[in-house]
$ cat upload25.tsv   # TSV, C-alpha atoms
chain	number	residue	atom	x	y	z
A	1	MET	CA	32.29	64.85	24.49
A	2	ALA	CA	32.64	62.20	21.79
A	3	ARG	CA	30.33	62.69	18.80
A	4	LEU	CA	29.06	60.02	16.44
A	5	THR	CA	28.95	61.92	13.17
A	6	ALA	CA	28.66	59.42	10.34
A	7	GLY	CA	28.04	55.85	9.27
A	8	VAL	CA	29.55	53.97	6.36
A	9	THR	CA	28.63	50.56	5.00
A	10	THR	CA	30.58	48.49	2.55
A	11	SER	CA	31.09	44.92	1.41
A	12	HIS	CA	34.46	43.45	2.40
A	13	VAL	CA	35.18	40.88	-0.35
A	14	PRO	CA	38.75	39.50	-0.05
A	15	ALA	CA	39.32	39.74	-3.82
A	16	ILE	CA	38.89	43.53	-3.51
A	17	GLY	CA	41.80	43.58	-1.09
A	18	ALA	CA	43.84	41.44	-3.45
A	19	ALA	CA	43.05	43.81	-6.35
A	20	ILE	CA	44.32	46.76	-4.28
A	21	ASP	CA	47.40	44.91	-3.06
A	22	ASN	CA	48.27	43.73	-6.58
A	23	GLY	CA	47.71	47.14	-8.18
A	24	ILE	CA	45.00	46.06	-10.64
A	25	THR	CA	42.24	48.43	-9.55
A	26	SER	CA	42.03	50.14	-12.92
A	27	ASP	CA	41.68	47.05	-15.09
A	28	ASP	CA	38.38	46.44	-16.89
A	29	TYR	CA	37.01	44.11	-14.24
A	30	TRP	CA	37.74	46.25	-11.20
A	31	LYS	CA	37.55	49.84	-12.45
A	32	PRO	CA	33.74	50.22	-12.17
A	33	LEU	CA	33.90	49.02	-8.58
A	34	PHE	CA	36.67	51.32	-7.42
A	35	GLU	CA	35.03	54.32	-9.10
A	36	GLY	CA	32.17	53.79	-6.66
A	37	TYR	CA	34.55	54.51	-3.79
A	38	GLU	CA	36.01	57.78	-5.10
A	39	PHE	CA	33.40	59.76	-3.20
A	40	VAL	CA	34.13	58.24	0.21
A	41	LYS	CA	37.88	58.68	-0.22
A	42	GLU	CA	37.47	62.44	-0.68
A	43	TRP	CA	34.71	62.71	1.92
A	44	VAL	CA	36.72	61.02	4.65
A	45	LYS	CA	39.65	63.42	4.11
A	46	LYS	CA	37.32	66.27	5.07
A	47	GLU	CA	35.55	64.41	7.86
A	48	LYS	CA	38.78	63.26	9.55
A	49	PRO	CA	37.36	60.75	12.02
A	50	ASP	CA	39.45	60.21	15.14
A	51	VAL	CA	38.04	56.75	15.72
A	52	VAL	CA	36.12	54.26	13.59
A	53	LEU	CA	34.04	51.65	15.36
A	54	LEU	CA	34.31	48.97	12.69
A	55	VAL	CA	31.68	46.23	12.69
A	56	PHE	CA	32.94	43.19	10.80
A	57	ASN	CA	33.08	39.44	10.98
A	58	ASP	CA	36.02	37.15	11.38
A	59	HIS	CA	36.17	34.45	8.68
A	60	ALA	CA	37.64	31.53	10.62
A	61	THR	CA	40.81	33.52	11.22
A	62	ALA	CA	41.02	34.69	14.84
A	63	PHE	CA	38.22	32.38	15.95
A	64	ASP	CA	38.31	28.68	15.10
A	65	MET	CA	35.67	26.12	16.06
A	66	ASN	CA	36.68	26.31	19.72
A	67	PHE	CA	35.44	29.82	20.52
A	68	ILE	CA	32.69	31.61	18.65
A	69	PRO	CA	31.61	34.82	20.38
A	70	THR	CA	28.44	36.44	19.08
A	71	PHE	CA	29.61	40.02	19.73
A	72	ALA	CA	33.27	40.64	20.56
A	73	LEU	CA	34.86	44.04	21.15
A	74	GLY	CA	38.53	44.66	20.37
A	75	CYS	CA	40.03	46.52	23.33
A	76	ALA	CA	43.72	46.13	22.42
A	77	PRO	CA	46.08	48.98	21.44
A	78	GLU	CA	47.02	47.18	18.21
A	79	PHE	CA	45.67	44.53	15.85
A	80	GLU	CA	47.92	42.87	13.27
A	81	PRO	CA	46.71	41.97	9.76
A	82	ALA	CA	46.19	38.19	9.71
A	83	ASP	CA	47.78	35.52	7.52
A	84	GLU	CA	44.69	33.97	5.93
A	85	GLY	CA	46.66	31.36	4.03
A	86	TRP	CA	48.25	33.66	1.43
A	87	GLY	CA	50.44	35.60	3.87
A	88	PRO	CA	49.23	38.78	5.65
A	89	ARG	CA	47.93	41.67	3.51
A	90	PRO	CA	50.60	44.39	3.11
A	91	VAL	CA	48.63	46.95	5.11
A	92	PRO	CA	49.50	48.91	8.26
A	93	THR	CA	48.94	47.60	11.77
A	94	VAL	CA	45.51	48.66	13.00
A	95	LYS	CA	45.74	50.94	16.05
A	96	GLY	CA	42.95	50.56	18.57
A	97	HIS	CA	41.54	52.97	21.14
A	98	PRO	CA	41.64	50.99	24.40
A	99	LYS	CA	40.17	53.80	26.48
A	100	LEU	CA	37.06	54.31	24.37
A	101	ALA	CA	36.74	50.55	23.89
A	102	ALA	CA	36.84	49.98	27.64
A	103	HIS	CA	34.23	52.69	28.12
A	104	ILE	CA	31.99	51.07	25.49
A	105	ALA	CA	32.35	47.67	27.18
A	106	GLN	CA	31.52	49.19	30.56
A	107	GLU	CA	28.43	50.98	29.32
A	108	VAL	CA	27.07	48.46	26.83
A	109	ILE	CA	27.43	45.41	29.07
A	110	GLN	CA	25.65	47.24	31.86
A	111	ASP	CA	22.98	48.11	29.30
A	112	ASN	CA	22.35	44.33	28.94
A	113	PHE	CA	24.45	43.54	25.84
A	114	ASP	CA	26.92	40.89	26.93
A	115	LEU	CA	29.96	41.62	24.80
A	116	THR	CA	33.02	39.40	24.76
A	117	ILE	CA	36.23	41.35	25.40
A	118	ILE	CA	39.23	40.72	23.14
A	119	ASN	CA	42.72	41.82	24.13
A	120	LYS	CA	44.60	40.09	21.35
A	121	MET	CA	43.31	39.44	17.84
A	122	ASP	CA	44.68	39.39	14.31
A	123	VAL	CA	42.22	41.01	11.91
A	124	ASP	CA	41.33	39.52	8.54
A	125	HIS	CA	40.00	40.94	5.28
A	126	GLY	CA	36.63	41.60	6.92
A	127	LEU	CA	38.26	44.53	8.71
A	128	THR	CA	41.17	45.53	6.48
A	129	VAL	CA	39.38	45.61	3.11
A	130	PRO	CA	36.95	48.35	4.23
A	131	LEU	CA	39.91	50.38	5.57
A	132	SER	CA	41.68	50.03	2.21
A	133	LEU	CA	38.55	50.98	0.26
A	134	VAL	CA	38.07	54.18	2.26
A	135	PHE	CA	41.65	55.22	3.08
A	136	GLY	CA	43.58	53.77	0.14
A	137	GLN	CA	47.15	52.67	0.77
A	138	PRO	CA	48.64	54.96	3.45
A	139	GLU	CA	51.79	54.23	5.47
A	140	GLU	CA	49.67	54.38	8.61
A	141	TRP	CA	45.88	54.28	8.96
A	142	PRO	CA	44.81	57.89	9.61
A	143	CYS	CA	42.60	57.07	12.61
A	144	GLN	CA	42.17	54.62	15.43
A	145	VAL	CA	39.89	51.64	14.95
A	146	ILE	CA	37.81	49.68	17.45
A	147	PRO	CA	36.92	46.31	15.94
A	148	LEU	CA	33.53	44.84	16.79
A	149	ALA	CA	33.44	41.25	15.57
A	150	VAL	CA	30.03	39.68	14.97
A	151	ASN	CA	29.49	35.97	14.48
A	152	VAL	CA	27.90	35.34	11.09
A	153	VAL	CA	29.80	32.11	10.38
A	154	LEU	CA	28.04	29.69	12.75
A	155	TYR	CA	24.28	29.83	12.45
A	156	PRO	CA	22.42	31.50	14.01
A	157	PRO	CA	24.02	34.91	13.96
A	158	PRO	CA	22.38	37.58	16.11
A	159	SER	CA	19.06	38.79	14.70
A	160	GLY	CA	18.74	42.01	12.76
A	161	GLN	CA	16.72	43.41	15.64
A	162	ARG	CA	19.40	42.51	18.19
A	163	CYS	CA	22.03	44.14	16.02
A	164	TYR	CA	19.93	47.25	15.57
A	165	ASP	CA	19.35	47.51	19.32
A	166	LEU	CA	23.04	46.98	20.04
A	167	GLY	CA	23.75	49.90	17.72
A	168	LYS	CA	21.51	52.11	19.84
A	169	SER	CA	23.34	51.03	22.98
A	170	LEU	CA	26.73	51.67	21.38
A	171	ARG	CA	25.52	55.16	20.51
A	172	LYS	CA	24.64	55.95	24.11
A	173	ALA	CA	28.08	54.74	25.18
A	174	ILE	CA	29.86	56.90	22.58
A	175	ASP	CA	27.76	59.94	23.50
A	176	SER	CA	28.78	59.62	27.15
A	177	PHE	CA	32.55	59.40	26.53
A	178	PRO	CA	34.08	62.58	27.97
A	179	GLU	CA	36.87	63.15	25.41
A	180	ASP	CA	36.24	65.27	22.34
A	181	LEU	CA	36.38	62.69	19.56
A	182	ASN	CA	34.89	62.50	16.09
A	183	VAL	CA	33.64	58.91	15.87
A	184	GLN	CA	32.27	57.06	12.86
A	185	ILE	CA	30.65	53.64	12.78
A	186	TRP	CA	31.07	51.33	9.81
A	187	GLY	CA	28.97	48.27	9.06
A	188	THR	CA	30.59	45.81	6.66
A	189	GLY	CA	29.86	42.60	4.77
A	190	GLY	CA	27.15	41.63	2.27
A	191	MET	CA	25.43	42.24	0.04
A	192	SER	CA	23.73	39.21	-1.52
A	193	HIS	CA	26.14	36.33	-2.03
A	194	GLN	CA	26.46	32.62	-1.56
A	195	LEU	CA	29.89	30.99	-1.49
A	196	GLN	CA	28.94	27.36	-1.05
A	197	GLY	CA	27.05	24.49	-2.62
A	198	PRO	CA	25.28	24.16	-5.96
A	199	ARG	CA	23.52	27.52	-5.40
A	200	ALA	CA	26.86	29.40	-5.11
A	201	GLY	CA	26.88	32.63	-7.09
A	202	LEU	CA	23.38	33.69	-6.09
A	203	ILE	CA	22.87	37.44	-6.46
A	204	ASN	CA	19.57	39.16	-5.69
A	205	LYS	CA	19.62	42.73	-6.98
A	206	GLU	CA	16.04	43.41	-5.99
A	207	PHE	CA	16.70	42.32	-2.40
A	208	ASP	CA	19.86	44.41	-2.25
A	209	LYS	CA	18.30	47.55	-3.70
A	210	ASN	CA	15.36	47.34	-1.31
A	211	PHE	CA	17.79	46.82	1.57
A	212	LEU	CA	19.84	49.87	0.55
A	213	ASP	CA	16.69	52.00	0.55
A	214	GLN	CA	15.07	50.60	3.65
A	215	ILE	CA	18.14	50.81	5.87
A	216	VAL	CA	18.21	54.55	5.23
A	217	ASN	CA	14.49	55.29	5.38
A	218	ASP	CA	12.79	52.62	7.47
A	219	PRO	CA	15.31	50.75	9.63
A	220	ASP	CA	12.72	49.99	12.34
A	221	GLU	CA	10.84	47.79	9.90
A	222	LEU	CA	13.97	46.35	8.28
A	223	ALA	CA	15.22	45.23	11.70
A	224	LYS	CA	12.30	42.77	11.83
A	225	LYS	CA	13.50	40.81	8.81
A	226	PRO	CA	14.00	37.20	9.95
A	227	HIS	CA	17.14	35.18	9.25
A	228	ILE	CA	15.41	32.85	6.85
A	229	ASP	CA	14.63	35.75	4.50
A	230	TYR	CA	18.32	36.66	4.30
A	231	VAL	CA	19.38	33.04	3.72
A	232	ARG	CA	16.71	32.26	1.17
A	233	GLU	CA	16.71	35.55	-0.74
A	234	ALA	CA	20.23	36.97	-0.32
A	235	GLY	CA	22.24	33.73	-0.08
A	236	SER	CA	23.74	31.87	2.84
A	237	GLU	CA	26.49	34.48	3.21
A	238	GLY	CA	24.14	37.42	2.52
A	239	ILE	CA	23.20	37.17	6.19
A	240	GLU	CA	26.31	39.27	6.88
A	241	LEU	CA	23.98	42.20	6.23
A	242	VAL	CA	22.74	42.04	9.83
A	243	MET	CA	26.01	43.80	10.67
A	244	TRP	CA	24.83	46.87	8.78
A	245	MET	CA	21.96	47.10	11.27
A	246	ILE	CA	24.43	47.79	14.09
A	247	MET	CA	25.70	50.80	12.16
A	248	ARG	CA	22.16	52.00	11.52
A	249	GLY	CA	21.09	51.59	15.13
A	250	ALA	CA	23.94	53.84	16.23
A	251	MET	CA	22.95	56.60	13.82
A	252	ASN	CA	20.18	59.17	14.32
A	253	LYS	CA	16.68	58.21	13.31
A	254	GLU	CA	16.97	60.78	10.52
A	255	VAL	CA	20.09	60.58	8.42
A	256	GLU	CA	21.35	62.29	5.32
A	257	LEU	CA	22.31	59.95	2.49
A	258	LYS	CA	25.57	61.32	1.09
A	259	HIS	CA	26.45	58.48	-1.25
A	260	LYS	CA	25.02	55.19	-2.48
A	261	PHE	CA	26.75	52.65	-4.70
A	262	TYR	CA	25.88	49.18	-5.91
A	263	HIS	CA	27.86	46.91	-8.20
A	264	VAL	CA	27.83	43.29	-9.36
A	265	PRO	CA	30.12	41.39	-9.19
A	266	ALA	CA	33.22	41.38	-7.06
A	267	SER	CA	34.26	37.75	-7.34
A	268	ASN	CA	31.14	35.93	-5.98
A	269	THR	CA	29.50	38.93	-4.38
A	270	ALA	CA	27.23	41.94	-4.87
A	271	VAL	CA	28.92	45.05	-3.52
A	272	GLY	CA	26.92	47.72	-1.70
A	273	HIS	CA	28.20	50.93	-0.16
A	274	LEU	CA	26.51	53.78	1.72
A	275	VAL	CA	27.76	56.98	3.32
A	276	LEU	CA	25.37	58.45	5.88
A	277	GLU	CA	25.65	61.54	8.05
A	278	ASN	CA	23.65	62.32	11.15
A	279	LYS	CA	21.35	65.26	10.58
A	280	GLU	CA	22.04	68.10	13.00
B	1	MET	CA	21.63	8.67	12.94
B	2	SER	CA	19.86	10.93	15.36
B	3	GLU	CA	16.82	12.73	14.05
B	4	ARG	CA	17.38	16.33	13.08
B	5	ILE	CA	14.73	18.80	14.00
B	6	ALA	CA	13.22	20.40	10.90
B	7	LYS	CA	14.72	23.77	10.26
B	8	PRO	CA	13.21	26.50	8.11
B	9	TYR	CA	16.34	26.70	5.96
B	10	ASP	CA	16.22	23.01	5.05
B	11	ASP	CA	14.05	23.82	2.05
B	12	VAL	CA	16.52	26.29	0.51
B	13	PRO	CA	17.93	24.47	-2.52
B	14	GLY	CA	21.65	23.87	-3.04
B	15	THR	CA	22.44	25.32	0.36
B	16	THR	CA	23.78	23.87	3.61
B	17	VAL	CA	23.41	26.17	6.57
B	18	PHE	CA	26.29	25.75	9.02
B	19	ASP	CA	24.43	25.39	12.30
B	20	ALA	CA	25.44	23.83	15.61
B	21	ASP	CA	24.62	20.29	14.42
B	22	ARG	CA	26.88	20.75	11.39
B	23	ALA	CA	29.55	22.29	13.60
B	24	HIS	CA	29.51	19.20	15.79
B	25	GLN	CA	29.65	16.87	12.78
B	26	GLY	CA	32.47	18.80	11.14
B	27	TYR	CA	34.54	19.84	14.14
B	28	HIS	CA	37.71	17.89	13.27
B	29	LEU	CA	37.42	18.54	9.53
B	30	ASN	CA	37.20	22.28	10.17
B	31	GLN	CA	39.98	22.27	12.72
B	32	PHE	CA	42.19	20.36	10.29
B	33	ALA	CA	41.48	23.02	7.66
B	34	MET	CA	42.26	25.72	10.21
B	35	SER	CA	45.68	24.15	10.83
B	36	LEU	CA	46.60	25.15	7.26
B	37	MET	CA	46.73	28.79	8.39
B	38	LYS	CA	50.35	28.06	9.38
B	39	ALA	CA	52.90	27.97	6.57
B	40	GLY	CA	54.77	25.02	8.12
B	41	ASN	CA	51.60	22.94	8.26
B	42	ARG	CA	50.79	23.79	4.65
B	43	GLU	CA	54.17	22.41	3.65
B	44	LYS	CA	53.69	19.22	5.67
B	45	PHE	CA	50.22	18.71	4.17
B	46	LYS	CA	51.51	19.14	0.61
B	47	ILE	CA	54.27	16.59	1.09
B	48	ASP	CA	51.91	13.77	2.18
B	49	GLU	CA	48.23	14.68	2.39
B	50	SER	CA	47.03	11.26	3.61
B	51	ALA	CA	49.61	11.10	6.38
B	52	TYR	CA	48.70	14.63	7.48
B	53	LEU	CA	44.99	13.79	7.52
B	54	ASN	CA	45.60	10.64	9.53
B	55	ASP	CA	46.76	12.81	12.42
B	56	TRP	CA	43.19	14.13	12.68
B	57	PRO	CA	40.27	12.10	14.05
B	58	MET	CA	38.21	12.70	10.92
B	59	THR	CA	35.80	10.26	9.29
B	60	GLU	CA	36.88	8.41	6.16
B	61	GLU	CA	34.20	10.34	4.26
B	62	GLN	CA	35.69	13.65	5.40
B	63	LYS	CA	39.21	12.55	4.45
B	64	GLN	CA	38.10	11.41	0.99
B	65	GLY	CA	36.29	14.71	0.53
B	66	VAL	CA	39.55	16.55	1.22
B	67	LEU	CA	41.75	14.25	-0.90
B	68	THR	CA	39.42	14.57	-3.91
B	69	ARG	CA	38.86	18.31	-3.27
B	70	ASP	CA	35.13	17.68	-3.42
B	71	TYR	CA	33.86	20.73	-1.56
B	72	ASN	CA	30.21	19.68	-1.68
B	73	ARG	CA	31.20	16.38	-0.08
B	74	MET	CA	33.18	18.21	2.60
B	75	ILE	CA	30.23	20.50	3.31
B	76	ALA	CA	27.88	17.50	3.50
B	77	SER	CA	30.13	16.03	6.17
B	78	GLY	CA	30.15	19.18	8.30
B	79	GLY	CA	32.65	21.49	6.62
B	80	ASN	CA	32.19	25.24	6.69
B	81	ILE	CA	33.25	27.20	3.64
B	82	TYR	CA	35.36	29.72	5.55
B	83	PHE	CA	37.33	26.90	7.11
B	84	LEU	CA	37.52	24.94	3.85
B	85	ALA	CA	38.88	28.12	2.24
B	86	LYS	CA	42.19	27.32	3.95
B	87	ILE	CA	42.42	24.18	1.77
B	88	PHE	CA	41.92	25.95	-1.55
B	89	SER	CA	44.17	28.79	-0.40
B	90	THR	CA	46.85	26.15	0.20
B	91	ASP	CA	46.19	24.99	-3.38
B	92	LYS	CA	46.50	28.66	-4.48
B	93	ILE	CA	43.00	28.52	-5.93
B	94	SER	CA	40.74	31.58	-5.75
B	95	PHE	CA	37.42	31.68	-3.94
B	96	GLN	CA	35.69	32.07	-7.27
B	97	ALA	CA	37.39	29.01	-8.78
B	98	ALA	CA	36.55	26.97	-5.68
B	99	ALA	CA	32.93	28.14	-5.76
B	100	ALA	CA	32.68	27.12	-9.42
B	101	THR	CA	33.63	23.52	-8.58
B	102	MET	CA	30.61	23.28	-6.28
B	103	THR	CA	28.19	24.33	-9.00
B	104	GLY	CA	29.17	21.81	-11.67
B	105	VAL	CA	30.29	24.35	-14.27
B	106	THR	CA	33.74	25.41	-15.41
B	107	GLU	CA	35.50	28.31	-13.77
B	108	GLU	CA	35.11	30.31	-16.99
B	109	ALA	CA	31.37	29.66	-17.19
B	110	TYR	CA	30.94	30.57	-13.52
B	111	LYS	CA	32.92	33.78	-13.92
B	112	GLU	CA	30.79	34.67	-16.93
B	113	MET	CA	27.61	34.02	-14.92
B	114	MET	CA	28.84	36.41	-12.21
B	115	ILE	CA	29.76	39.13	-14.71
B	116	ASN	CA	26.26	38.79	-16.14
B	117	GLY	CA	24.70	39.47	-12.75
B	118	GLY	CA	25.07	36.18	-10.90
B	119	ARG	CA	22.69	33.30	-10.32
B	120	SER	CA	19.10	34.51	-10.37
B	121	PRO	CA	17.01	33.98	-7.24
B	122	VAL	CA	14.06	33.13	-9.49
B	123	GLY	CA	13.44	29.39	-9.16
B	124	ASN	CA	16.29	29.08	-6.64
B	125	MET	CA	14.62	29.94	-3.35
B	126	TYR	CA	12.55	26.84	-2.56
B	127	LYS	CA	13.43	23.19	-3.13
B	128	LYS	CA	9.97	22.49	-4.49
B	129	GLU	CA	10.58	24.97	-7.34
B	130	GLY	CA	13.21	22.64	-8.77
B	131	GLU	CA	10.97	19.56	-8.75

$ encode --input "upload25.tsv" --output "structure tokens"
Amino acid sequence: MARLTAGVTTSHVPAIGAAIDNGITSDDYWKPLFEGYEFVKEWVKKEKPDVVLLVFNDHATAFDMNFIPTFALGCAPEFEPADEGWGPRPVPTVKGHPKLAAHIAQEVIQDNFDLTIINKMDVDHGLTVPLSLVFGQPEEWPCQVIPLAVNVVLYPPPSGQRCYDLGKSLRKAIDSFPEDLNVQIWGTGGMSHQLQGPRAGLINKEFDKNFLDQIVNDPDELAKKPHIDYVREAGSEGIELVMWMIMRGAMNKEVELKHKFYHVPASNTAVGHLVLENKE
Amino acid sequence: MSERIAKPYDDVPGTTVFDADRAHQGYHLNQFAMSLMKAGNREKFKIDESAYLNDWPMTEEQKQGVLTRDYNRMIASGGNIYFLAKIFSTDKISFQAAAATMTGVTEEAYKEMMINGGRSPVGNMYKKEGE
């Protein structure tokens, strides 16, 4: 049977991708950030996931103003890196897992979460920056990836509670997949940041640090946090953090914290990163 | 103008939440910006910005916002930052430089603020705090 073994969270700032692609990860500005990802790079080599269910958001790349699905599952065999206006990132094509994705759709939709199915989608920095942070710059990504795109661009995004509950449903679906697969779930985006208006540049370290603790130790309570608290306290784009709740919902109630990292800034954003394992 | 229903995020200072009303207001502005995802369109836009904009049923206010690269003005007329990012990407300007223009400080000063931990939430969470 498939096993969900671990959860990873990370911010997915586009400038991080640009730093990797331009080979400037060891300059003074970026070095402290990339040092925070040394652990996960070694850890993932030992863990060897077969599939990563990668929760991210599209940033007006695959979805324009015409179609805005709240939860959309990538069921295709391949996803190409998108041209976001600077040309596509020089990273490998993302290979999907259509069979597991179809199984997840089957189970989760019948469990009352109405996912949108995607059979063709280019993936932007929201998905490829986390892959680069964890896997570096390989010729091919070392595992298959099922993208789960969450709307956090058009307000309102799904609530933290809805995301958390979806995570639990995803877990049941993974647990019932008959093939022997090592599956991880990653939640991306955040942490506090605001990219627009006179309040751009907002960073709330206290909010972020509490979030990093609570998502590990008390996710049931954290799931109740209303949207307005994210917007007001963590910035208009800080609301991306609801995507981390999907990861947490899929994990066991009790998890082992393997690694925690927090850094300000990457461009306009506070960067947070967790590595969690399910306790046996 | 039709009356907007009060929304809890309306009292967050310096912040425009992109909700369905904004999406309706900014539909053509955002779709114009989206068109700049294609290299050929970027070239056409750069050759004659006004002519390119005139192909889109945008308001004069939206067009002026684009022509003057006034991102706050574009947001006030329904623009969403992830869509507007296609405009400053076309200009080869970074997200940080674009964000700085919305805050009324130089790019250098903004970058320095971020290195020093970013804009504090203290005094920046409720409009009434700034009064």

$ closest_atom_pairs --input "upload25.tsv" --of "range 28-89 of chain A" --to "range 93-113 of chain B" --cutoff "12 Å" --atoms "only C-alpha atoms" --output "JSON lines"
{"residue": "A:Tyr29", "atom": "CA", "partner": "B:Lys111", "partner_atom": "CA", "distance": 11.1}
{"residue": "A:Gly85", "atom": "CA", "partner": "B:Ile93", "partner_atom": "CA", "distance": 11.0}
{"residue": "A:Trp86", "atom": "CA", "partner": "B:Ile93", "partner_atom": "CA", "distance": 10.4}

$ residues_around --input "upload25.tsv" --residues "Met1 in chain A" --least-positions-apart "4" --cutoff "6 Å" --atoms "all atoms listed in the file" --output "ChimeraX atom specification"
/A:177-180

$ closest_atom_pairs --input "upload25.tsv" --of "chain A" --to "chain B" --cutoff "10 Å" --atoms "only C-alpha atoms" --output "tab-separated table"
residue	atom	partner	partner_atom	distance
A:Pro14	CA	B:Phe95	CA	8.8
A:Ala15	CA	B:Phe95	CA	8.3
A:Tyr29	CA	B:Ile115	CA	8.8
A:Asp58	CA	B:Tyr82	CA	9.5
A:His59	CA	B:Tyr82	CA	5.7
A:Ala60	CA	B:Phe83	CA	5.8
A:Thr61	CA	B:Met34	CA	8.0
A:Phe63	CA	B:Met34	CA	9.7
A:Asp64	CA	B:Met34	CA	6.9
A:Met65	CA	B:Tyr27	CA	6.7
A:Asn66	CA	B:Gln31	CA	8.7
A:Ala82	CA	B:Met37	CA	9.5
A:Asp83	CA	B:Met37	CA	6.9
A:Glu84	CA	B:Met37	CA	6.1
A:Gly85	CA	B:Met37	CA	5.1
A:Trp86	CA	B:Ser89	CA	6.6
A:Gly87	CA	B:Ala39	CA	8.5
A:Val152	CA	B:Phe18	CA	9.9
A:Val153	CA	B:Phe18	CA	7.4
A:Leu154	CA	B:Asp19	CA	5.6
A:Tyr155	CA	B:Asp19	CA	4.4
A:Pro156	CA	B:Asp19	CA	6.7
A:Pro157	CA	B:Asp19	CA	9.7
A:Ser192	CA	B:Gly118	CA	9.9
A:His193	CA	B:Gly118	CA	8.9
A:Gln194	CA	B:Thr15	CA	8.6
A:Leu195	CA	B:Ala99	CA	6.0
A:Gln196	CA	B:Ala99	CA	6.2
A:Gly197	CA	B:Met102	CA	5.2
A:Pro198	CA	B:Thr103	CA	4.2
A:Arg199	CA	B:Gly14	CA	4.7
A:Ala200	CA	B:Ala99	CA	6.2
A:Gly201	CA	B:Arg119	CA	5.3
A:Leu202	CA	B:Arg119	CA	4.3
A:Ile203	CA	B:Gly118	CA	5.1
A:Asn204	CA	B:Pro121	CA	6.0
A:Lys205	CA	B:Gly117	CA	8.4
A:Glu206	CA	B:Pro121	CA	9.6
A:Phe207	CA	B:Pro121	CA	9.6
A:His227	CA	B:Tyr9	CA	9.1
A:Ile228	CA	B:Tyr9	CA	6.3
A:Asp229	CA	B:Tyr9	CA	9.3
A:Val231	CA	B:Tyr9	CA	7.4
A:Arg232	CA	B:Met125	CA	5.5
A:Glu233	CA	B:Met125	CA	6.5
A:Ala234	CA	B:Pro121	CA	8.2
A:Gly235	CA	B:Thr15	CA	8.4
A:Ser236	CA	B:Val17	CA	6.8
A:Glu237	CA	B:Val17	CA	9.5
A:His263	CA	B:Gly117	CA	9.3
A:Val264	CA	B:Gly117	CA	6.0
A:Pro265	CA	B:Met114	CA	6.0
A:Ala266	CA	B:Met114	CA	8.4
A:Ser267	CA	B:Gln96	CA	5.9
A:Asn268	CA	B:Gln96	CA	6.1
A:Thr269	CA	B:Met114	CA	8.3
A:Ala270	CA	B:Gly118	CA	8.6

$ residues_around --input "upload25.tsv" --residues "Gln110 in chain A" --least-positions-apart "6" --cutoff "12 Å" --atoms "all atoms listed in the file" --output "number ranges by chain"
A: 103-104, 169-170, 172-173

$ atom_distance --input "upload25.tsv" --atom1 "CA of Ala102 in chain A" --atom2 "CA of Asp175 in chain A"
14.1 Å

$ residues_around --input "upload25.tsv" --residues "Pro77 in chain A" --least-positions-apart "2" --cutoff "7 Å" --atoms "all atoms listed in the file" --output "PDB file with C-alpha atoms, in the frame of the given file"
ATOM      1  CA  CYS A  75      40.030  46.520  23.330  1.00  0.00           C
ATOM      2  CA  LYS A  95      45.740  50.940  16.050  1.00  0.00           C
ATOM      3  CA  GLY A  96      42.950  50.560  18.570  1.00  0.00           C
ATOM      4  CA  HIS A  97      41.540  52.970  21.140  1.00  0.00           C
ATOM      5  CA  PRO A  98      41.640  50.990  24.400  1.00  0.00           C
TER       6      PRO A  98
END

$ atom_distance --input "upload25.tsv" --atom1 "CA of Thr116 in chain A" --atom2 "CA of Ala72 in chain A"
4.4 Å

$ atom_distance --input "upload25.tsv" --atom1 "CA of Gln144 in chain A" --atom2 "CA of Ile239 in chain A"
27.4 Å

$ residues_around --input "upload25.tsv" --residues "Glu49 in chain B" --least-positions-apart "4" --cutoff "9 Å" --atoms "only C-alpha atoms" --output "CSV table (one decimal) with C-alpha atoms, keeping the file's coordinate frame"
chain,number,residue,atom,x,y,z
B,44,LYS,CA,53.7,19.2,5.7
B,45,PHE,CA,50.2,18.7,4.2
B,53,LEU,CA,45.0,13.8,7.5
B,54,ASN,CA,45.6,10.6,9.5
B,66,VAL,CA,39.6,16.6,1.2
B,67,LEU,CA,41.8,14.2,-0.9

$ closest_residue --input "upload25.tsv" --among "A:Val108, A:Val8, A:Leu212, A:Leu33" --to "Leu276 in chain A" --atoms "all atoms listed in the file"
A:Val8

$ residues_around --input "upload25.tsv" --residues "Leu241 in chain A" --least-positions-apart "5" --cutoff "12 Å" --atoms "all atoms listed in the file" --output "count of residues only"
47

$ decode --input "upload25.tsv" --residues "range 62-78 of chain B" --atoms "C-alpha atoms" --output "short mmCIF file (atom, residue, chain, number, x, y, z; two decimals), in the first residue's frame"
data_model
loop_
_atom_site.label_atom_id
_atom_site.label_comp_id
_atom_site.auth_asym_id
_atom_site.auth_seq_id
_atom_site.Cartn_x
_atom_site.Cartn_y
_atom_site.Cartn_z
CA GLN B 62 -6.78 51.87 -16.14
CA LYS B 63 -4.87 52.80 -19.30
CA GLN B 64 -3.30 55.85 -17.64
CA GLY B 65 -2.33 53.69 -14.69
CA VAL B 66 -0.48 51.34 -17.03
CA LEU B 67 1.15 54.10 -19.13
CA THR B 68 2.46 55.87 -16.01
CA ARG B 69 3.38 52.57 -14.32
CA ASP B 70 1.43 53.69 -11.28
CA TYR B 71 0.78 50.33 -9.62
CA ASN B 72 -1.34 51.77 -6.82
CA ARG B 73 -3.55 53.40 -9.44
CA MET B 74 -3.82 50.12 -11.33
CA ILE B 75 -4.74 48.28 -8.13
CA ALA B 76 -7.34 50.94 -7.29
CA SER B 77 -8.95 50.29 -10.67
CA GLY B 78 -9.15 46.53 -10.17
#
